[in-house]
Amino acid sequence: MMSKTIEPVHHRSARGSAKTMAQGLGLFSLALGAAELLAPRQLARALDISGQEHLLQLYGLREIGTGLGILASRDKAPWLWGRVAGDVLDLATLGAAMGASRRREAVAIAIGSVAMITALDITCARALQNGRVDGDAEYRWIPDYSERSGFARPIEEMRGAATADFKMPPEYRASLKTSGELPRDPVRTITPGR
Amino acid sequence: MKALCWEGKMDVRCETVPDPRIEHERDAIVKVTSCAICGSDLHLYNGFVPGMKSGDVLGHEFMGEVVEVGRGNRRLKIGDRVVVPFTICCGECDQCRRNNFAACETTNRNKELADKAFGHSAAGLFGYTHLTGGYAGGQAEYVRVPYADVAPVKIPDGLTDEQVLFLGDIFPTGWQAVVQCDIQPTDTVAIWGAGPVGQFCVRSAVLLGAQRVIVIDRIPERLTMALAGGADVAINFEDEKVLARLNDLTHGKGPDKCIDAVGLEAHALGSIDSVVDRAKQAVMLESDRPHVLREMFMACRPAGVVSVPGVYGGFSDKIPFGAVMNKGLTIRTGQTHVNRWTDDLLRRIEEGQIDPSFVITHTVALQDGPEMYRTFRDKEDGCIKVVLKPNGQGRHNGHGGSGEVRP
């Protein structure tokens, strides 16, 4: 019998909370992307950056792409780093708009918000990469159920224990066989070369 | 009496409702000593199964003591200790006489609704949607059992509630799922989902002699419990690509037998197709999230068997039926024909072959039920199986349950 793949038990899963954080950031990405894609005029008006609507829509597509990537991928760290790169682009765009905009306060708030999200993205990406979360992030307790077999005897003794007296209902017989004894009569067995 | 009532999506409350009474001469009233929250109750809780009404009493896994018997019921007597299967069956129709108890033609009193939803009606179920009869369930102090001269399983002295409670659903459900696979001694069996039904699938596959059992989930403690029960390999689908790993483990052939113990609520963020399914569910373009079905059909070895004990409610998109047809897969599914298996499984419990109480992680009073729905749904606090005690402590064996019962 092959060796068992056993997860460590009685430890706290930091990676689990980093994944939860990543899922939150993925959902945020989807929501922000949808807003940029569907309401670019309103956003441009709020920041007084009219003429940049198509750029905002492109950024929206980028957000949706990274959001889906984060939510659907097993290895989320590269997608989080992708978000960080997008954040840098957002900060550069907002910084450039600062001088020309008549709504500098709104742009400044947007820059601050993006900077905070960037910090979260970096923390999460690093945590996923390192397999741990620094600081006082939330941990998940994993109880130890490794003794809960349900059997009174070792597994090796239980394997097939019911076959001695279990009467298989004929209607549940598999019509085709993938394994077990090869069929003989009345099924013809074809031998290669004959 | 007190009972757990469905009051809307994610809204279960412990309420005072009228006591049940005998309505037919074959009925019995059972005082519930133990009941459980089932994974399929969560489909109701999350609002994915249609046909629920405000005030419906939940619960289809329960047992207790017979306190009242209808005049025409010659099989039960007051004081009998019984486990009540979740499928209500008449014992007389064509399907019951064929032992297809979950397909009973008589007991769904909302047959017209089910005919519209499923083409034909199957058996009535306790504590489930009005599509399956809208019968009051067993997460209550008392319950009316219709056709009580057919299905209830009498429990001999010497066995605790915790040892026998799951004869009403999850143990025979896991058992039937594996029996449907026609296990051969050289079989590799892959089981999606290490929740309560998945746990019983693992143990049933071991008892029925599968050579190798692979379990797929993402919750570490559930994978650990599956390994304890005889699974040889645990695949965490958040860390590994399931199809690639299954192919690696089977030299590219795929598992001989595949079991879906997940059902319609596959992890919504676990894969791109599930994210899309979840979005479609939100706008009512799809009722189920069938990621596991898709993955099983692709994974299973040609000429293999796919067994589906997981609950599906309606319509599923993008099912790779080309894989099913071209590989010649056999699909077996259905609600469990509980009474087909209960005598045999009860004997195995009595003989000590298996003790189903291993799966219990939480034991609480009935009024804590609403909170436990949330805990179970969110897989918090290591929760795998919750047992509720509507009438106090009941009988304990001290094995299962980490929680205290608060009267």
# chains A, B, ... in the order shown; residues from 1 in each chain; ligands from 1
call {"tool": "select_by_dssp", "arguments": {"residues": "segment 314-364 of chain B", "states": "alpha helix (DSSP H)", "output": "MDAnalysis selection string"}}
result
chainID B and resid 321:327 338:350
call {"tool": "closest_atom_pairs", "arguments": {"of": "chain A", "to": "chain B", "cutoff": "6 Å", "atoms": "only C-alpha atoms", "output": "Markdown table"}}
result
| residue | atom | partner | partner_atom | distance |
| --- | --- | --- | --- | --- |
| A:Lys4 | CA | B:Asp232 | CA | 5.3 |
| A:Thr5 | CA | B:Val233 | CA | 5.5 |
| A:Leu71 | CA | B:Leu269 | CA | 5.6 |
| A:Ala72 | CA | B:Ser271 | CA | 4.4 |
| A:Arg74 | CA | B:Glu238 | CA | 5.3 |
| A:Pro143 | CA | B:Gly382 | CA | 5.9 |
| A:Tyr145 | CA | B:Met225 | CA | 5.1 |
| A:Ser146 | CA | B:Ala228 | CA | 5.1 |
| A:Arg148 | CA | B:Phe358 | CA | 5.3 |
| A:Ser149 | CA | B:Gly229 | CA | 4.1 |
| A:Gly150 | CA | B:Asp355 | CA | 4.9 |
| A:Phe151 | CA | B:Ile354 | CA | 4.9 |
| A:Ile155 | CA | B:Gly230 | CA | 5.8 |
| A:Met158 | CA | B:Leu207 | CA | 5.9 |
| A:Arg159 | CA | B:Val206 | CA | 4.8 |
| A:Gly160 | CA | B:Gly209 | CA | 3.5 |
| A:Ala161 | CA | B:Leu207 | CA | 5.1 |
| A:Ala162 | CA | B:Leu207 | CA | 5.0 |
| A:Thr163 | CA | B:Leu208 | CA | 5.5 |
| A:Tyr172 | CA | B:Gln180 | CA | 5.2 |
| A:Arg173 | CA | B:Asp182 | CA | 5.4 |
| A:Ala174 | CA | B:Asp182 | CA | 5.8 |
| A:Leu176 | CA | B:Ala303 | CA | 5.7 |
| A:Thr178 | CA | B:Gly304 | CA | 5.9 |
| A:Gly180 | CA | B:Gln184 | CA | 5.4 |
call {"tool": "write_last_selection", "arguments": {"atoms": "N, CA and C atoms", "output": "compact mmCIF listing (two decimals), in the first residue's frame"}}
result
# COMPACT_ATOMS: atom_id res chain seq x y z
N LYS A 4 0.70 7.27 3.12
CA LYS A 4 -0.40 8.23 3.27
C LYS A 4 0.12 9.65 3.20
N THR A 5 -0.69 10.51 2.61
CA THR A 5 -0.38 11.92 2.58
C THR A 5 -1.11 12.56 3.75
N LEU A 71 -9.40 34.56 -7.76
CA LEU A 71 -10.47 33.71 -7.24
C LEU A 71 -10.35 32.28 -7.75
N ALA A 72 -9.92 32.11 -8.97
CA ALA A 72 -10.01 30.78 -9.57
C ALA A 72 -8.70 30.00 -9.52
N ARG A 74 -5.19 28.22 -8.08
CA ARG A 74 -4.70 27.59 -6.85
C ARG A 74 -3.53 28.39 -6.29
N PRO A 143 -8.44 21.15 14.39
CA PRO A 143 -8.48 20.09 15.40
C PRO A 143 -7.89 18.79 14.85
N TYR A 145 -8.33 15.07 14.21
CA TYR A 145 -9.27 13.95 14.09
C TYR A 145 -8.57 12.68 13.60
N SER A 146 -7.27 12.61 13.82
CA SER A 146 -6.52 11.49 13.26
C SER A 146 -6.79 10.17 13.97
N ARG A 148 -9.95 9.24 14.73
CA ARG A 148 -11.38 8.95 14.52
C ARG A 148 -11.59 8.05 13.31
N SER A 149 -11.22 6.82 13.44
CA SER A 149 -11.37 5.90 12.31
C SER A 149 -12.80 5.38 12.20
N GLY A 150 -13.47 5.21 13.35
CA GLY A 150 -14.78 4.57 13.35
C GLY A 150 -14.68 3.05 13.41
N PHE A 151 -13.48 2.53 13.35
CA PHE A 151 -13.27 1.08 13.38
C PHE A 151 -12.63 0.68 14.71
N ILE A 155 -7.04 -0.39 10.18
CA ILE A 155 -7.60 -0.29 8.83
C ILE A 155 -7.25 -1.54 8.01
N MET A 158 -9.69 -4.08 8.46
CA MET A 158 -11.06 -3.75 8.07
C MET A 158 -11.28 -3.76 6.56
N ARG A 159 -10.16 -3.68 5.81
CA ARG A 159 -10.31 -3.61 4.36
C ARG A 159 -10.95 -4.90 3.83
N GLY A 160 -12.13 -4.76 3.29
CA GLY A 160 -12.85 -5.91 2.74
C GLY A 160 -13.62 -6.70 3.79
N ALA A 161 -13.68 -6.19 5.04
CA ALA A 161 -14.31 -6.96 6.11
C ALA A 161 -15.79 -7.25 5.83
N ALA A 162 -16.45 -6.37 5.09
CA ALA A 162 -17.88 -6.57 4.85
C ALA A 162 -18.15 -7.52 3.69
N THR A 163 -17.14 -7.81 2.91
CA THR A 163 -17.39 -8.61 1.70
C THR A 163 -17.74 -10.06 2.04
N TYR A 172 -27.08 -3.55 -8.98
CA TYR A 172 -25.99 -2.59 -8.84
C TYR A 172 -24.68 -3.12 -9.43
N ARG A 173 -24.71 -4.26 -10.06
CA ARG A 173 -23.51 -4.75 -10.72
C ARG A 173 -23.15 -3.80 -11.86
N ALA A 174 -21.88 -3.46 -11.97
CA ALA A 174 -21.46 -2.60 -13.08
C ALA A 174 -21.61 -3.37 -14.38
N LEU A 176 -20.13 -2.72 -17.15
CA LEU A 176 -18.81 -2.85 -17.76
C LEU A 176 -17.80 -2.99 -16.62
N THR A 178 -14.02 -2.34 -15.14
CA THR A 178 -12.77 -1.61 -15.33
C THR A 178 -11.60 -2.37 -14.71
N GLY A 180 -10.61 -5.90 -11.71
CA GLY A 180 -11.05 -7.18 -11.15
C GLY A 180 -10.80 -8.30 -12.13
call {"tool": "residues_around", "arguments": {"residues": "Gly70 of chain B", "least_positions_apart": "5", "cutoff": "10 Å", "atoms": "only C-alpha atoms", "output": "list in words"}}
result
Arg21, Ile22, Glu23, His24, Glu25, Arg26, Asp27, Ala28, Ile29, Leu76, Lys77, Pro146, Tyr147, Ala148 and Asp149 of chain B
call {"tool": "atom_distance", "arguments": {"atom1": "atom CA of Val143 of chain B", "atom2": "atom CA of His362 of chain B"}}
result
22.5 Å
call {"tool": "closest_residue", "arguments": {"among": "A:Ile64, A:Ala106, A:Val114, A:Ala100", "to": "Ala34 of chain A", "atoms": "only C-alpha atoms"}}
result
A:Ile64
